[in-house]
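Engineer: Enclosed is the structure file protein_38.cif (mmCIF, C-alpha atoms).
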data_model
#
loop_
_atom_site.label_atom_id
_atom_site.label_comp_id
_atom_site.auth_asym_id
_atom_site.auth_seq_id
_atom_site.Cartn_x
_atom_site.Cartn_y
_atom_site.Cartn_z
CA MET A 1 51.30 -213.65 -31.74
CA LEU A 2 47.98 -212.53 -30.23
CA ALA A 3 49.01 -213.66 -26.76
CA TYR A 4 52.34 -211.83 -27.08
CA ALA A 5 50.60 -208.63 -28.22
CA LEU A 6 48.13 -208.85 -25.33
CA ARG A 7 50.96 -209.21 -22.79
CA ARG A 8 52.75 -206.22 -24.24
CA VAL A 9 49.61 -204.08 -24.08
CA LEU A 10 48.96 -205.06 -20.45
CA MET A 11 52.55 -204.15 -19.57
CA LEU A 12 51.79 -200.57 -20.62
CA VAL A 13 49.18 -200.13 -17.86
CA PRO A 14 51.61 -199.78 -14.91
CA VAL A 15 53.95 -197.72 -17.09
CA PHE A 16 51.10 -195.35 -17.93
CA LEU A 17 50.16 -194.97 -14.27
CA ALA A 18 53.78 -194.31 -13.26
CA VAL A 19 54.20 -191.70 -15.99
CA SER A 20 50.96 -189.96 -15.01
CA VAL A 21 52.13 -189.72 -11.38
CA VAL A 22 55.50 -188.26 -12.40
CA ILE A 23 53.89 -185.69 -14.72
CA PHE A 24 51.38 -184.65 -12.07
CA LEU A 25 53.93 -184.28 -9.26
CA ILE A 26 56.56 -182.44 -11.30
CA LEU A 27 54.10 -179.75 -12.33
CA HIS A 28 52.78 -179.20 -8.81
CA PHE A 29 56.26 -178.96 -7.32
CA ILE A 30 57.20 -176.10 -9.68
CA PRO A 31 56.85 -172.72 -7.91
CA GLY A 32 53.83 -170.68 -8.95
CA ASP A 33 50.34 -171.60 -10.08
CA PRO A 34 47.91 -170.61 -12.86
CA ILE A 35 45.89 -168.41 -10.53
CA ASP A 36 48.70 -165.83 -10.71
CA ASN A 37 47.86 -165.33 -14.41
CA LEU A 38 44.17 -164.81 -13.70
CA LEU A 39 44.28 -162.38 -10.79
CA LYS A 40 44.96 -158.70 -11.13
CA VAL A 41 47.84 -157.14 -9.24
CA GLY A 42 46.79 -156.43 -5.66
CA ALA A 43 43.83 -158.82 -5.70
CA PRO A 44 42.60 -159.65 -2.18
CA PRO A 45 43.44 -163.05 -0.63
CA GLU A 46 39.74 -163.92 -0.55
CA GLN A 47 39.56 -163.79 -4.33
CA ARG A 48 42.60 -166.08 -4.65
CA ALA A 49 41.09 -168.54 -2.17
CA GLU A 50 37.79 -168.53 -4.08
CA MET A 51 39.53 -169.30 -7.39
CA MET A 52 41.71 -171.98 -5.80
CA THR A 53 38.53 -173.66 -4.57
CA ARG A 54 36.83 -173.29 -7.96
CA TYR A 55 39.63 -175.15 -9.75
CA GLY A 56 40.23 -177.67 -6.98
CA LEU A 57 43.76 -176.47 -6.27
CA ASP A 58 43.10 -176.18 -2.54
CA ARG A 59 42.68 -179.93 -2.12
CA PRO A 60 45.49 -182.34 -1.15
CA LEU A 61 47.66 -183.53 -4.04
CA PRO A 62 46.50 -187.19 -3.79
CA VAL A 63 42.89 -186.02 -4.12
CA GLN A 64 43.74 -183.76 -7.06
CA TYR A 65 45.57 -186.62 -8.77
CA ALA A 66 42.70 -189.07 -8.21
CA MET A 67 40.21 -186.58 -9.65
CA TRP A 68 42.43 -185.90 -12.68
CA LEU A 69 43.04 -189.60 -13.32
CA ALA A 70 39.34 -190.44 -12.98
CA LYS A 71 38.43 -187.82 -15.59
CA LEU A 72 41.32 -188.92 -17.78
CA LEU A 73 40.13 -192.52 -17.86
CA THR A 74 36.75 -191.32 -19.10
CA GLY A 75 38.37 -189.27 -21.89
CA ASP A 76 37.96 -185.91 -20.13
CA LEU A 77 41.22 -183.93 -20.31
CA GLY A 78 39.77 -181.09 -18.26
CA THR A 79 39.42 -177.40 -18.96
CA ALA A 80 42.30 -175.00 -19.48
CA ILE A 81 42.47 -172.66 -16.50
CA VAL A 82 43.91 -169.67 -18.35
CA ALA A 83 42.40 -170.18 -21.83
CA ARG A 84 39.10 -171.38 -20.25
CA ARG A 85 38.54 -173.87 -23.08
CA PRO A 86 38.35 -177.67 -23.08
CA VAL A 87 41.87 -179.06 -23.20
CA ALA A 88 40.72 -181.66 -25.72
CA ASP A 89 39.90 -178.85 -28.17
CA LEU A 90 43.33 -177.29 -27.75
CA ILE A 91 45.03 -180.67 -28.25
CA ALA A 92 42.84 -181.42 -31.28
CA GLN A 93 43.94 -178.15 -32.90
CA ALA A 94 47.64 -178.60 -32.19
CA LEU A 95 48.17 -182.36 -32.55
CA PRO A 96 47.60 -182.65 -36.34
CA HIS A 97 50.40 -180.15 -36.99
CA SER A 98 52.79 -182.13 -34.79
CA LEU A 99 51.76 -185.46 -36.31
CA LEU A 100 52.26 -184.13 -39.83
CA LEU A 101 55.69 -182.71 -38.99
CA GLY A 102 56.73 -185.86 -37.11
CA GLY A 103 55.44 -188.21 -39.81
CA VAL A 104 57.21 -186.44 -42.66
CA ALA A 105 60.41 -186.13 -40.60
CA LEU A 106 60.27 -189.85 -39.75
CA ALA A 107 59.83 -190.78 -43.42
CA PHE A 108 62.66 -188.46 -44.45
CA SER A 109 65.13 -189.75 -41.87
CA SER A 110 64.12 -193.37 -42.55
CA LEU A 111 64.60 -193.29 -46.32
CA LEU A 112 67.77 -191.19 -46.18
CA GLY A 113 69.23 -193.18 -43.27
CA ILE A 114 68.60 -196.56 -44.91
CA ALA A 115 70.08 -195.32 -48.20
CA PHE A 116 73.21 -193.98 -46.47
CA GLY A 117 73.53 -197.18 -44.43
CA VAL A 118 73.32 -199.35 -47.55
CA VAL A 119 75.95 -197.27 -49.36
CA ALA A 120 78.26 -197.38 -46.34
CA ALA A 121 77.82 -201.16 -45.96
CA LEU A 122 78.52 -201.79 -49.65
CA GLN A 123 81.68 -199.71 -49.39
CA LYS A 124 82.78 -201.05 -46.00
CA ASP A 125 85.99 -199.40 -44.71
CA GLY A 126 86.33 -197.47 -47.97
CA TRP A 127 86.59 -193.71 -48.39
CA LEU A 128 82.87 -193.46 -49.27
CA ASP A 129 81.98 -195.38 -46.09
CA ARG A 130 84.00 -192.97 -43.96
CA LEU A 131 82.63 -189.93 -45.81
CA VAL A 132 78.98 -190.96 -45.46
CA MET A 133 79.17 -192.05 -41.84
CA GLY A 134 81.26 -189.04 -40.86
CA GLY A 135 78.78 -186.70 -42.53
CA VAL A 136 75.67 -188.16 -40.91
CA LEU A 137 77.39 -188.35 -37.52
CA PHE A 138 78.33 -184.67 -37.74
CA GLY A 139 74.74 -183.80 -38.64
CA SER A 140 73.41 -185.69 -35.63
CA MET A 141 75.71 -183.78 -33.26
CA LEU A 142 74.19 -180.40 -34.13
CA PRO A 143 71.54 -179.23 -31.62
CA SER A 144 68.16 -179.09 -33.36
CA PHE A 145 67.34 -175.54 -32.30
CA TRP A 146 70.74 -174.29 -33.51
CA LEU A 147 70.46 -176.17 -36.79
CA GLY A 148 66.98 -174.74 -37.27
CA LEU A 149 68.25 -171.19 -36.81
CA LEU A 150 71.07 -171.83 -39.30
CA LEU A 151 68.60 -173.14 -41.87
CA ILE A 152 66.38 -170.10 -41.36
CA LEU A 153 69.31 -167.73 -41.86
CA ALA A 154 70.50 -169.58 -44.97
CA PHE A 155 67.32 -170.55 -46.80
CA SER A 156 64.71 -168.12 -45.48
CA VAL A 157 66.52 -164.88 -44.71
CA GLY A 158 69.42 -165.29 -47.16
CA LEU A 159 67.90 -167.06 -50.17
CA GLY A 160 64.21 -166.51 -49.48
CA TRP A 161 63.28 -170.02 -50.62
CA PHE A 162 61.14 -171.06 -47.66
CA PRO A 163 58.92 -169.29 -45.08
CA VAL A 164 60.54 -168.30 -41.80
CA SER A 165 57.62 -169.51 -39.70
CA GLY A 166 54.03 -170.69 -39.74
CA ALA A 167 52.25 -173.70 -41.21
CA ARG A 168 50.13 -172.29 -44.01
CA THR A 169 51.84 -173.98 -46.97
CA TRP A 170 53.68 -177.24 -47.63
CA SER A 171 56.89 -175.29 -48.17
CA SER A 172 56.81 -174.31 -44.49
CA LEU A 173 57.43 -178.00 -43.66
CA VAL A 174 60.77 -178.25 -45.46
CA LEU A 175 63.08 -176.58 -42.94
CA PRO A 176 61.47 -178.10 -39.81
CA VAL A 177 61.60 -181.57 -41.40
CA LEU A 178 65.29 -181.12 -42.27
CA THR A 179 65.99 -179.92 -38.73
CA ILE A 180 64.38 -182.93 -37.09
CA GLY A 181 65.33 -185.48 -39.73
CA PHE A 182 69.09 -184.99 -39.76
CA GLY A 183 69.49 -186.35 -36.23
CA GLY A 184 67.49 -189.48 -36.95
CA THR A 185 69.28 -190.09 -40.24
CA ALA A 186 72.57 -190.79 -38.47
CA LEU A 187 71.03 -193.37 -36.13
CA VAL A 188 69.19 -195.22 -38.90
CA ALA A 189 72.28 -195.18 -41.13
CA ARG A 190 74.52 -196.64 -38.42
CA ILE A 191 72.04 -199.38 -37.50
CA THR A 192 71.52 -200.27 -41.18
CA ARG A 193 75.26 -200.43 -41.87
CA ILE A 194 76.08 -202.53 -38.80
CA SER A 195 73.17 -204.89 -39.39
CA MET A 196 74.02 -205.40 -43.07
CA ILE A 197 77.66 -206.13 -42.27
CA ASP A 198 76.59 -208.64 -39.62
CA ILE A 199 74.07 -210.38 -41.90
CA ALA A 200 76.60 -210.50 -44.75
CA SER A 201 78.85 -212.78 -42.66
CA ARG A 202 76.14 -215.42 -42.12
CA ASP A 203 76.38 -218.87 -43.65
CA PHE A 204 73.35 -218.49 -45.91
CA VAL A 205 74.99 -215.50 -47.61
CA LEU A 206 78.06 -217.60 -48.40
CA LEU A 207 75.71 -220.18 -49.91
CA LEU A 208 74.13 -217.51 -52.11
CA HIS A 209 77.58 -216.49 -53.34
CA ALA A 210 78.33 -220.15 -54.08
CA LYS A 211 75.17 -220.34 -56.21
CA GLY A 212 76.54 -217.63 -58.43
CA LEU A 213 74.27 -214.71 -57.54
CA SER A 214 75.74 -211.26 -58.08
CA PRO A 215 77.06 -209.52 -54.91
CA LEU A 216 74.78 -206.51 -55.45
CA GLU A 217 71.68 -208.72 -55.78
CA ILE A 218 72.63 -210.61 -52.62
CA GLN A 219 73.10 -207.38 -50.68
CA LEU A 220 69.92 -205.64 -51.81
CA ARG A 221 67.56 -208.62 -52.07
CA TYR A 222 68.61 -210.85 -49.20
CA VAL A 223 70.98 -209.09 -46.79
CA LEU A 224 69.03 -205.83 -46.64
CA ARG A 225 65.73 -207.64 -46.05
CA HIS A 226 67.11 -209.40 -42.97
CA ALA A 227 69.01 -206.32 -41.82
CA LEU A 228 65.81 -204.24 -41.72
CA ILE A 229 64.48 -206.08 -38.65
CA PRO A 230 66.43 -204.00 -36.09
CA VAL A 231 66.00 -200.92 -38.29
CA VAL A 232 62.20 -201.23 -38.16
CA THR A 233 62.38 -201.54 -34.37
CA ILE A 234 64.47 -198.39 -34.12
CA LEU A 235 62.12 -196.50 -36.42
CA ALA A 236 59.12 -197.45 -34.31
CA LEU A 237 60.92 -196.29 -31.17
CA ARG A 238 61.71 -192.99 -32.85
CA ILE A 239 58.02 -192.15 -33.30
CA GLY A 240 57.77 -190.81 -29.77
CA TRP A 241 61.20 -189.22 -29.77
CA ILE A 242 60.48 -187.35 -33.01
CA LEU A 243 57.28 -185.92 -31.57
CA GLY A 244 59.20 -184.95 -28.45
CA GLY A 245 61.97 -183.38 -30.50
CA ALA A 246 59.38 -181.45 -32.47
CA VAL A 247 58.63 -179.40 -29.35
CA THR A 248 61.70 -177.16 -29.64
CA VAL A 249 61.59 -177.15 -33.43
CA GLU A 250 57.98 -175.97 -33.46
CA VAL A 251 58.93 -173.11 -31.17
CA VAL A 252 61.88 -172.13 -33.40
CA PHE A 253 59.69 -172.12 -36.52
CA ALA A 254 56.59 -170.77 -34.70
CA ARG A 255 54.42 -173.70 -35.82
CA PRO A 256 51.02 -174.08 -34.11
CA GLY A 257 51.74 -177.59 -32.86
CA LEU A 258 51.83 -179.44 -29.58
CA GLY A 259 55.25 -178.01 -28.74
CA THR A 260 54.10 -174.40 -29.00
CA LEU A 261 51.00 -175.21 -26.95
CA LEU A 262 53.13 -176.90 -24.27
CA ILE A 263 55.64 -174.05 -23.96
CA LYS A 264 52.87 -171.46 -23.72
CA ALA A 265 51.02 -173.48 -21.10
CA LEU A 266 54.22 -173.96 -19.10
CA SER A 267 54.80 -170.21 -18.97
CA GLN A 268 51.26 -169.78 -17.65
CA HIS A 269 51.41 -172.77 -15.24
CA ASP A 270 48.20 -174.03 -16.85
CA TYR A 271 48.24 -177.48 -15.25
CA PRO A 272 45.52 -179.24 -17.29
CA VAL A 273 47.07 -178.21 -20.63
CA VAL A 274 50.63 -179.09 -19.60
CA GLN A 275 49.56 -182.43 -18.13
CA ALA A 276 47.62 -183.36 -21.26
CA SER A 277 50.44 -182.28 -23.59
CA LEU A 278 53.11 -184.19 -21.67
CA LEU A 279 50.83 -187.20 -21.45
CA MET A 280 50.36 -187.16 -25.24
CA LEU A 281 54.13 -187.10 -25.77
CA SER A 282 54.63 -189.89 -23.23
CA MET A 283 51.95 -192.01 -24.86
CA ALA A 284 53.63 -191.51 -28.22
CA VAL A 285 56.83 -192.96 -26.77
CA MET A 286 54.98 -195.88 -25.18
CA LEU A 287 52.97 -196.66 -28.32
CA GLY A 288 56.10 -196.39 -30.44
CA THR A 289 57.83 -198.90 -28.16
CA LEU A 290 54.81 -201.22 -28.39
CA LEU A 291 54.71 -200.92 -32.17
CA GLY A 292 58.42 -201.64 -32.41
CA ASP A 293 58.11 -204.79 -30.28
CA LEU A 294 55.11 -206.03 -32.27
CA LEU A 295 56.77 -205.42 -35.62
CA GLN A 296 59.95 -207.14 -34.49
CA ALA A 297 57.94 -210.11 -33.22
CA ALA A 298 56.03 -210.30 -36.49
CA MET A 299 59.22 -210.21 -38.56
CA ASP A 300 61.28 -212.50 -36.30
CA PRO A 301 59.55 -215.54 -34.74
CA ARG A 302 62.52 -215.98 -32.38
CA VAL A 303 61.33 -212.94 -30.44
CA ARG A 304 57.93 -214.50 -29.85
CA GLY A 305 59.55 -217.77 -28.82
CA ALA A 306 61.85 -216.04 -26.33
CA VAL A 307 58.94 -214.58 -24.36
CA ALA A 308 56.53 -217.49 -24.77
#
Mind converting the file's structure to structure tokens?
Structural biologist:
Amino acid sequence: MLAYALRRVLMLVPVFLAVSVVIFLILHFIPGDPIDNLLKVGAPPEQRAEMMTRYGLDRPLPVQYAMWLAKLLTGDLGTAIVARRPVADLIAQALPHSLLLGGVALAFSSLLGIAFGVVAALQKDGWLDRLVMGGVLFGSMLPSFWLGLLLILAFSVGLGWFPVSGARTWSSLVLPVLTIGFGGTALVARITRISMIDIASRDFVLLLHAKGLSPLEIQLRYVLRHALIPVVTILALRIGWILGGAVTVEVVFARPGLGTLLIKALSQHDYPVVQASLLMLSMAVMLGTLLGDLLQAAMDPRVRGAVA
């Protein structure tokens, strides 16, 4: 298991380098630069040239990338050009809000999705199966920003149950969590249902029936335990996607998270902040993938044997 984990970690190194190159190039190919937000209208060209030199933006792109990567490998995320603060401080302020929102949304979608999947599997091809799967599928088709606005209109503006925006109280988490969680619920429910139906047709399940165990005990104690292997993998993969999906949701609900920081930095072309924010989101996806592979290998020895 240790050798497998080490191989998987080493495989992330070239992926990380490729992602860093893509992030760096995309930002520098976008028209405009952060100097436009620092200079006054009508500023002389000499002042622009001086500021370009100060922030290293006058150097060739390969040199700029090498300098950024060298600092990054030492833990230095740079200094925000517009805010003129260490990027690490800005990330440290925003990241806990995103992690809290993403963690609660992941737990919500996991528990609800597994419960719906179990109900659908137990009532395979019945009216309850069609109702549950149809409902969660419809919920997953709604765009998150549109669903968030509907929830605000219904429960904040109409009923006044929850805050419209901000992150001061726990109640402000409810609507953003529902907005993010509904999409993930459908995926988890479908995977759980399909996996349980597949496991239920295995020979060992027929043997359990022959021993006289009740169908409900077999499903919940034996079938569900084996069916959770692909579900756990999917949940680990969703860690990064939930943090990425939180970007638009944080903007809709005006939460001071990584998404709000990223959108603001994009509007200002603040390269160090945007690069660090996108890198954090990319690393969340990579670490989620790694965690999913390790959990699947730990739960299923056949995975370790296949790559040995």
Engineer: Got a sec: who's within 12 Å of His226 (chain A), counting all atoms listed in the file, leaving out chain neighbours fewer than 6 positions off, as a PDB file with C-alpha atoms, in the coordinates of the input?
Structural biologist:
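So part-v4.pdb came out as:
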ATOM      1  CA  THR A 192      71.520-200.270 -41.180  1.00  0.00           C
ATOM      2  CA  SER A 195      73.170-204.890 -39.390  1.00  0.00           C
ATOM      3  CA  MET A 196      74.020-205.400 -43.070  1.00  0.00           C
ATOM      4  CA  ILE A 197      77.660-206.130 -42.270  1.00  0.00           C
ATOM      5  CA  ASP A 198      76.590-208.640 -39.620  1.00  0.00           C
ATOM      6  CA  ILE A 199      74.070-210.380 -41.900  1.00  0.00           C
ATOM      7  CA  ALA A 200      76.600-210.500 -44.750  1.00  0.00           C
ATOM      8  CA  ARG A 202      76.140-215.420 -42.120  1.00  0.00           C
ATOM      9  CA  PHE A 204      73.350-218.490 -45.910  1.00  0.00           C
ATOM     10  CA  VAL A 205      74.990-215.500 -47.610  1.00  0.00           C
ATOM     11  CA  ILE A 218      72.630-210.610 -52.620  1.00  0.00           C
ATOM     12  CA  GLN A 219      73.100-207.380 -50.680  1.00  0.00           C
ATOM     13  CA  LEU A 220      69.920-205.640 -51.810  1.00  0.00           C
ATOM     14  CA  VAL A 232      62.200-201.230 -38.160  1.00  0.00           C
ATOM     15  CA  GLN A 296      59.950-207.140 -34.490  1.00  0.00           C
ATOM     16  CA  MET A 299      59.220-210.210 -38.560  1.00  0.00           C
ATOM     17  CA  ASP A 300      61.280-212.500 -36.300  1.00  0.00           C
TER      18      ASP A 300
END
Engineer: Hey, can you check how far CA of Leu100 (chain A) sits from CA of Ala115 (chain A)?
Structural biologist: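 Interatomic distance, CA of Leu100 (chain A) to CA of Ala115 (chain A): 22.6 Å.
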Engineer: Record the distance separating CA of Leu261 (chain A) and CA of Ile81 (chain A), expressed in Å with one decimal.
Structural biologist: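 Value for the CA of Leu261 (chain A)-CA of Ile81 (chain A) distance: 13.7 Å.
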Engineer: Provide the CA of Ala189 (chain A) to CA of Met133 (chain A) distance in Å, to one decimal place.
Structural biologist: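 Atom-to-atom, CA of Ala189 (chain A) to CA of Met133 (chain A), that is 7.6 Å.
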Engineer: Neighbouring residues of region 269-272 of chain A were defined as those with any atom within 7 Å, considering all atoms listed in the file; residues of the same chain fewer than 2 positions away were excluded. Please report them as a list in words.
Structural biologist: Leu27, Asp33, Pro34, Gly78, Thr79, Ala80, Ile81, Val82, Val87, Ala265, Leu266, Ser267, Val274, Gln275 and Ala276 of chain A
Engineer: Just so the selection is clear, what residues does the PyMOL selection byres ((chain A and resi 179) around 8) cover here, as a ChimeraX atom specification?
Structural biologist: /A:144-145,147-148,151,175-178,180-183,249
Engineer: Quick one: residues within 9 Å of Gly257 (chain A), all atoms listed in the file, excluding same-chain residues fewer than 2 positions away - as a list in words?
Structural biologist: Ile91, Gln93, Ala94, Leu95, Pro96, His97, Ser98, Leu99, Leu101, Ala246, Val247, Glu250, Val251, Ala254, Arg255, Gly259, Thr260, Leu261 and Leu262 of chain A
